[in-house]
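Have a look at final_19.txt; it's compact mmCIF, N, CA and C atoms:
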```txt
# COMPACT_ATOMS: atom_id res chain seq x y z
N MET Y 1 111.54 102.23 106.34
CA MET Y 1 110.56 103.25 106.71
C MET Y 1 110.94 103.80 108.08
N ASP Y 2 110.86 105.12 108.24
CA ASP Y 2 111.24 105.70 109.52
C ASP Y 2 110.14 105.53 110.57
N GLU Y 3 110.50 105.77 111.81
CA GLU Y 3 109.58 105.53 112.93
C GLU Y 3 108.33 106.41 112.85
N ASP Y 4 108.48 107.69 112.44
CA ASP Y 4 107.32 108.58 112.33
C ASP Y 4 106.33 108.08 111.29
N ALA Y 5 106.83 107.65 110.15
CA ALA Y 5 105.96 107.12 109.10
C ALA Y 5 105.27 105.85 109.57
N THR Y 6 106.00 105.00 110.27
CA THR Y 6 105.43 103.76 110.80
C THR Y 6 104.32 104.08 111.80
N LEU Y 7 104.55 105.04 112.70
CA LEU Y 7 103.52 105.43 113.67
C LEU Y 7 102.29 106.02 112.99
N ASN Y 8 102.49 106.80 111.93
CA ASN Y 8 101.35 107.37 111.20
C ASN Y 8 100.52 106.28 110.54
N LEU Y 9 101.17 105.30 109.90
CA LEU Y 9 100.44 104.19 109.29
C LEU Y 9 99.74 103.36 110.36
N LEU Y 10 100.42 103.12 111.45
CA LEU Y 10 99.84 102.38 112.56
C LEU Y 10 98.61 103.10 113.10
N ARG Y 11 98.72 104.39 113.29
CA ARG Y 11 97.60 105.19 113.80
C ARG Y 11 96.41 105.14 112.86
N GLN Y 12 96.65 105.24 111.54
CA GLN Y 12 95.57 105.16 110.56
C GLN Y 12 94.87 103.80 110.64
N ARG Y 13 95.67 102.75 110.74
CA ARG Y 13 95.11 101.40 110.84
C ARG Y 13 94.29 101.25 112.12
N LEU Y 14 94.78 101.81 113.21
CA LEU Y 14 94.06 101.72 114.48
C LEU Y 14 92.74 102.47 114.45
N VAL Y 15 92.73 103.67 113.85
CA VAL Y 15 91.48 104.43 113.74
C VAL Y 15 90.43 103.60 113.02
N LYS Y 16 90.85 102.96 111.94
CA LYS Y 16 89.93 102.11 111.16
C LYS Y 16 89.46 100.91 111.99
N THR Y 17 90.39 100.25 112.67
CA THR Y 17 90.05 99.07 113.46
C THR Y 17 89.17 99.43 114.65
N PHE Y 18 89.49 100.52 115.34
CA PHE Y 18 88.64 100.98 116.45
C PHE Y 18 87.23 101.27 115.94
N ALA Y 19 87.11 101.91 114.79
CA ALA Y 19 85.80 102.22 114.22
C ALA Y 19 85.02 100.94 113.91
N GLU Y 20 85.70 99.93 113.40
CA GLU Y 20 85.05 98.64 113.13
C GLU Y 20 84.51 98.02 114.42
N LEU Y 21 85.15 98.31 115.53
CA LEU Y 21 84.73 97.78 116.83
C LEU Y 21 83.76 98.71 117.56
N GLY Y 22 83.39 99.83 116.90
CA GLY Y 22 82.38 100.73 117.46
C GLY Y 22 82.90 101.95 118.19
N ALA Y 23 84.19 102.16 118.24
CA ALA Y 23 84.76 103.34 118.91
C ALA Y 23 85.18 104.36 117.86
N THR Y 24 84.65 105.56 117.96
CA THR Y 24 84.92 106.57 116.94
C THR Y 24 85.56 107.84 117.49
N GLY Y 25 85.92 107.83 118.75
CA GLY Y 25 86.51 109.01 119.37
C GLY Y 25 87.96 109.18 118.97
N PRO Y 26 88.62 110.17 119.54
CA PRO Y 26 90.04 110.39 119.24
C PRO Y 26 90.90 109.25 119.78
N VAL Y 27 92.01 108.99 119.10
CA VAL Y 27 92.96 107.96 119.53
C VAL Y 27 94.10 108.66 120.29
N VAL Y 28 94.36 108.21 121.50
CA VAL Y 28 95.40 108.78 122.35
C VAL Y 28 96.53 107.76 122.48
N ARG Y 29 97.75 108.20 122.18
CA ARG Y 29 98.92 107.31 122.24
C ARG Y 29 99.69 107.57 123.52
N THR Y 30 100.12 106.49 124.17
CA THR Y 30 100.97 106.55 125.36
C THR Y 30 102.22 105.72 125.09
N VAL Y 31 103.38 106.28 125.40
CA VAL Y 31 104.63 105.54 125.28
C VAL Y 31 104.78 104.69 126.53
N LEU Y 32 105.08 103.42 126.36
CA LEU Y 32 105.26 102.50 127.49
C LEU Y 32 106.74 102.36 127.81
N LEU Y 33 107.06 102.58 129.08
CA LEU Y 33 108.44 102.48 129.56
C LEU Y 33 108.49 101.47 130.71
N HIS Y 34 109.62 100.78 130.80
CA HIS Y 34 109.88 99.90 131.93
C HIS Y 34 111.32 100.13 132.34
N ASP Y 35 111.51 100.56 133.58
CA ASP Y 35 112.85 100.92 134.07
C ASP Y 35 113.52 101.93 133.13
N ARG Y 36 112.77 102.89 132.66
CA ARG Y 36 113.20 103.98 131.77
C ARG Y 36 113.58 103.52 130.36
N TYR Y 37 113.22 102.28 130.00
CA TYR Y 37 113.48 101.79 128.64
C TYR Y 37 112.16 101.69 127.89
N PHE Y 38 112.19 102.06 126.62
CA PHE Y 38 111.02 101.97 125.76
C PHE Y 38 110.64 100.51 125.56
N VAL Y 39 109.35 100.18 125.80
CA VAL Y 39 108.88 98.82 125.60
C VAL Y 39 107.68 98.72 124.66
N GLY Y 40 107.13 99.87 124.24
CA GLY Y 40 106.01 99.82 123.30
C GLY Y 40 105.12 101.04 123.38
N HIS Y 41 103.94 100.90 122.77
CA HIS Y 41 102.93 101.96 122.76
C HIS Y 41 101.58 101.39 123.16
N ARG Y 42 100.77 102.22 123.81
CA ARG Y 42 99.38 101.90 124.09
C ARG Y 42 98.54 102.98 123.40
N PHE Y 43 97.51 102.55 122.73
CA PHE Y 43 96.59 103.46 122.07
C PHE Y 43 95.21 103.24 122.68
N ARG Y 44 94.55 104.35 123.06
CA ARG Y 44 93.21 104.26 123.65
C ARG Y 44 92.22 105.03 122.79
N CYS Y 45 91.03 104.46 122.68
CA CYS Y 45 89.93 105.11 121.97
C CYS Y 45 88.66 104.70 122.69
N GLU Y 46 88.01 105.68 123.31
CA GLU Y 46 86.83 105.43 124.14
C GLU Y 46 87.16 104.31 125.12
N GLY Y 47 86.45 103.21 125.15
CA GLY Y 47 86.71 102.14 126.12
C GLY Y 47 87.67 101.07 125.64
N LEU Y 48 88.17 101.22 124.42
CA LEU Y 48 89.06 100.21 123.85
C LEU Y 48 90.51 100.63 123.97
N GLN Y 49 91.39 99.65 123.94
CA GLN Y 49 92.82 99.96 123.91
C GLN Y 49 93.53 98.96 123.01
N ALA Y 50 94.65 99.41 122.45
CA ALA Y 50 95.50 98.56 121.63
C ALA Y 50 96.92 98.71 122.15
N VAL Y 51 97.66 97.60 122.15
CA VAL Y 51 99.02 97.61 122.64
C VAL Y 51 99.93 97.02 121.57
N ARG Y 52 101.01 97.75 121.29
CA ARG Y 52 102.06 97.23 120.41
C ARG Y 52 103.36 97.26 121.19
N LEU Y 53 103.92 96.09 121.44
CA LEU Y 53 105.18 96.00 122.16
C LEU Y 53 106.33 96.20 121.18
N ALA Y 54 107.42 96.78 121.66
CA ALA Y 54 108.59 97.05 120.84
C ALA Y 54 109.09 95.75 120.20
N GLY Y 55 109.42 95.84 118.93
CA GLY Y 55 109.96 94.69 118.21
C GLY Y 55 108.94 93.69 117.75
N MET Y 56 107.67 93.92 118.05
CA MET Y 56 106.62 92.99 117.65
C MET Y 56 105.90 93.51 116.42
N ASP Y 57 105.45 92.61 115.56
CA ASP Y 57 104.75 92.98 114.34
C ASP Y 57 103.25 92.78 114.47
N GLU Y 58 102.73 92.87 115.68
CA GLU Y 58 101.29 92.76 115.85
C GLU Y 58 100.80 93.69 116.94
N ILE Y 59 99.52 93.98 116.85
CA ILE Y 59 98.85 94.85 117.80
C ILE Y 59 97.74 94.02 118.45
N ALA Y 60 97.65 94.07 119.77
CA ALA Y 60 96.58 93.39 120.49
C ALA Y 60 95.55 94.43 120.90
N LEU Y 61 94.27 94.17 120.58
CA LEU Y 61 93.18 95.08 120.94
C LEU Y 61 92.34 94.48 122.04
N TYR Y 62 92.05 95.31 123.06
CA TYR Y 62 91.33 94.87 124.26
C TYR Y 62 90.11 95.74 124.52
N ASP Y 63 89.10 95.16 125.17
CA ASP Y 63 87.95 95.96 125.60
C ASP Y 63 88.24 96.57 126.96
N GLU Y 64 87.25 97.26 127.54
CA GLU Y 64 87.45 97.97 128.82
C GLU Y 64 87.85 97.06 129.97
N SER Y 65 87.39 95.82 129.93
CA SER Y 65 87.69 94.90 131.02
C SER Y 65 89.02 94.16 130.82
N GLY Y 66 89.69 94.42 129.70
CA GLY Y 66 90.98 93.79 129.44
C GLY Y 66 90.89 92.50 128.66
N THR Y 67 89.70 92.18 128.16
CA THR Y 67 89.53 90.97 127.36
C THR Y 67 90.07 91.20 125.95
N LEU Y 68 90.91 90.29 125.48
CA LEU Y 68 91.46 90.39 124.14
C LEU Y 68 90.35 90.24 123.11
N LEU Y 69 90.21 91.24 122.24
CA LEU Y 69 89.19 91.21 121.20
C LEU Y 69 89.73 90.72 119.88
N LYS Y 70 90.96 91.14 119.59
CA LYS Y 70 91.47 90.91 118.24
C LYS Y 70 92.98 91.15 118.25
N THR Y 71 93.68 90.45 117.37
CA THR Y 71 95.09 90.70 117.15
C THR Y 71 95.27 91.01 115.67
N VAL Y 72 95.98 92.10 115.39
CA VAL Y 72 96.20 92.54 114.01
C VAL Y 72 97.69 92.46 113.72
N THR Y 73 98.06 91.74 112.65
CA THR Y 73 99.45 91.66 112.24
C THR Y 73 99.76 92.87 111.37
N LEU Y 74 100.81 93.59 111.69
CA LEU Y 74 101.14 94.82 110.97
C LEU Y 74 101.53 94.58 109.53
N GLU Y 75 102.29 93.54 109.24
CA GLU Y 75 102.69 93.27 107.86
C GLU Y 75 101.47 93.08 106.99
N ALA Y 76 100.48 92.32 107.48
CA ALA Y 76 99.26 92.08 106.70
C ALA Y 76 98.45 93.36 106.56
N SER Y 77 98.40 94.19 107.62
CA SER Y 77 97.62 95.41 107.54
C SER Y 77 98.27 96.42 106.63
N ALA Y 78 99.62 96.48 106.58
CA ALA Y 78 100.30 97.40 105.69
C ALA Y 78 100.09 96.99 104.25
N ALA Y 79 100.05 95.70 103.96
CA ALA Y 79 99.84 95.22 102.60
C ALA Y 79 98.42 95.50 102.12
N SER Y 80 97.46 95.56 103.04
CA SER Y 80 96.07 95.78 102.65
C SER Y 80 95.75 97.25 102.46
N GLN Y 81 96.67 98.16 102.81
CA GLN Y 81 96.38 99.58 102.70
C GLN Y 81 96.70 100.12 101.35
```

Encoding of this model in structure tokens:
Amino acid sequence: MDEDATLNLLRQRLVKTFAELGATGPVVRTVLLHDRYFVGHRFRCEGLQAVRLAGMDEIALYDESGTLLKTVTLEASAASQ
């Protein structure tokens, strides 16, 4: 699967997960760089955020204060769609 298709599926899963946690606003994606190298993506929706690091098959979801709320494994979420 190409990167664009993966990001679209990831975004759909995040919209659903954010809604389950009470956030229904738009999802904003930020590319994460360290020393000009790609290291992952951050997705924000209202006061919540989700982080997916490059090469990892899971997404960590946090509240406004940075407390980990939930971890979603991508393989399991793709199979459930």

| query | Taking (85.8, 99.8, 116.1) in the file's coordinates as the center, which residues reach within 12 Å of it, counting only C-alpha atoms, put as an MDAnalysis selection string? | reply | chainID Y and resid 13:27 44:50 61:63 69:70

Expected file: the selected residues, N, CA and C atoms, as a CSV table (one decimal), in the coordinates of the input:
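File result33.csv, as written:
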```csv
chain,number,residue,atom,x,y,z
Y,13,ARG,N,95.7,102.8,110.7
Y,13,ARG,CA,95.1,101.4,110.8
Y,13,ARG,C,94.3,101.2,112.1
Y,14,LEU,N,94.8,101.8,113.2
Y,14,LEU,CA,94.1,101.7,114.5
Y,14,LEU,C,92.7,102.5,114.4
Y,15,VAL,N,92.7,103.7,113.8
Y,15,VAL,CA,91.5,104.4,113.7
Y,15,VAL,C,90.4,103.6,113.0
Y,16,LYS,N,90.8,103.0,111.9
Y,16,LYS,CA,89.9,102.1,111.2
Y,16,LYS,C,89.5,100.9,112.0
Y,17,THR,N,90.4,100.2,112.7
Y,17,THR,CA,90.0,99.1,113.5
Y,17,THR,C,89.2,99.4,114.6
Y,18,PHE,N,89.5,100.5,115.3
Y,18,PHE,CA,88.6,101.0,116.4
Y,18,PHE,C,87.2,101.3,115.9
Y,19,ALA,N,87.1,101.9,114.8
Y,19,ALA,CA,85.8,102.2,114.2
Y,19,ALA,C,85.0,100.9,113.9
Y,20,GLU,N,85.7,99.9,113.4
Y,20,GLU,CA,85.0,98.6,113.1
Y,20,GLU,C,84.5,98.0,114.4
Y,21,LEU,N,85.2,98.3,115.5
Y,21,LEU,CA,84.7,97.8,116.8
Y,21,LEU,C,83.8,98.7,117.6
Y,22,GLY,N,83.4,99.8,116.9
Y,22,GLY,CA,82.4,100.7,117.5
Y,22,GLY,C,82.9,102.0,118.2
Y,23,ALA,N,84.2,102.2,118.2
Y,23,ALA,CA,84.8,103.3,118.9
Y,23,ALA,C,85.2,104.4,117.9
Y,24,THR,N,84.6,105.6,118.0
Y,24,THR,CA,84.9,106.6,116.9
Y,24,THR,C,85.6,107.8,117.5
Y,25,GLY,N,85.9,107.8,118.8
Y,25,GLY,CA,86.5,109.0,119.4
Y,25,GLY,C,88.0,109.2,119.0
Y,26,PRO,N,88.6,110.2,119.5
Y,26,PRO,CA,90.0,110.4,119.2
Y,26,PRO,C,90.9,109.2,119.8
Y,27,VAL,N,92.0,109.0,119.1
Y,27,VAL,CA,93.0,108.0,119.5
Y,27,VAL,C,94.1,108.7,120.3
Y,44,ARG,N,94.6,104.4,123.1
Y,44,ARG,CA,93.2,104.3,123.6
Y,44,ARG,C,92.2,105.0,122.8
Y,45,CYS,N,91.0,104.5,122.7
Y,45,CYS,CA,89.9,105.1,122.0
Y,45,CYS,C,88.7,104.7,122.7
Y,46,GLU,N,88.0,105.7,123.3
Y,46,GLU,CA,86.8,105.4,124.1
Y,46,GLU,C,87.2,104.3,125.1
Y,47,GLY,N,86.4,103.2,125.2
Y,47,GLY,CA,86.7,102.1,126.1
Y,47,GLY,C,87.7,101.1,125.6
Y,48,LEU,N,88.2,101.2,124.4
Y,48,LEU,CA,89.1,100.2,123.8
Y,48,LEU,C,90.5,100.6,124.0
Y,49,GLN,N,91.4,99.6,123.9
Y,49,GLN,CA,92.8,100.0,123.9
Y,49,GLN,C,93.5,99.0,123.0
Y,50,ALA,N,94.6,99.4,122.4
Y,50,ALA,CA,95.5,98.6,121.6
Y,50,ALA,C,96.9,98.7,122.2
Y,61,LEU,N,94.3,94.2,120.6
Y,61,LEU,CA,93.2,95.1,120.9
Y,61,LEU,C,92.3,94.5,122.0
Y,62,TYR,N,92.0,95.3,123.1
Y,62,TYR,CA,91.3,94.9,124.3
Y,62,TYR,C,90.1,95.7,124.5
Y,63,ASP,N,89.1,95.2,125.2
Y,63,ASP,CA,88.0,96.0,125.6
Y,63,ASP,C,88.2,96.6,127.0
Y,69,LEU,N,90.2,91.2,122.2
Y,69,LEU,CA,89.2,91.2,121.2
Y,69,LEU,C,89.7,90.7,119.9
Y,70,LYS,N,91.0,91.1,119.6
Y,70,LYS,CA,91.5,90.9,118.2
Y,70,LYS,C,93.0,91.2,118.2
```

Note to self: Quick one: residues within 12 Å of segment 35-39 of chain Y, only C-alpha atoms, excluding same-chain residues fewer than 2 positions away - as JSON, numbers by chain?
What the structure shows: {"Y": [30, 31, 32, 33, 41, 42, 51, 52, 53, 54, 55, 56]}

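Atom CA of Leu10 of chain Y to atom C of Glu58 of chain Y spans 9.8 Å [interatomic distance, one decimal].
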
*asked:* Report, in Å with one decimal, the straight-line distance from atom N of Gly66 of chain Y to atom CA of Val28 of chain Y.
replied: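 We find that atom N of Gly66 of chain Y and atom CA of Val28 of chain Y lie 17.1 Å from each other.
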
**Prompt:** What is the atom C of Asp57 of chain Y to atom N of Thr71 of chain Y distance in Å?
**Reply:**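 Those two atoms sit 10.3 Å apart.
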
Within chain Y, find each residue whose DSSP state, derived from the backbone, is strand (DSSP E or B), and express the selection as a PyMOL selection string. chain Y and resi 28-34+37-45+48-53+58-62+68-73

Could you check the closest approach to Leu74 of chain Y for each of Y:Ile59, Y:Leu7, Y:Arg29, Y:His34 and tell me which residue wins, using only N, CA and C atoms?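 Among Y:Ile59, Y:Leu7, Y:Arg29, Y:His34, it is Y:Ile59 that comes nearest to Leu74 of chain Y.
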
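All residues of chain Y that DSSP, run on the backbone, classes as alpha helix (DSSP H) are Glu3, Asp4, Ala5, Thr6, Leu7, Asn8, Leu9, Leu10, Arg11, Gln12, Arg13, Leu14, Val15, Lys16, Thr17, Phe18, Ala19, Glu20, Leu74, Glu75, Ala76, Ser77, Ala78 and Ala79 of chain Y.
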
Taking all listed atoms of segment 63-76 of chain Y, build the axis-aligned box, pad each of the six sides by 8 Å, then write its centre and edge lengths in Å to one decimal as JSON.
```
{"center_x": 95.0, "center_y": 94.1, "center_z": 118.8, "size_x": 31.4, "size_y": 23.7, "size_z": 40.5}
```
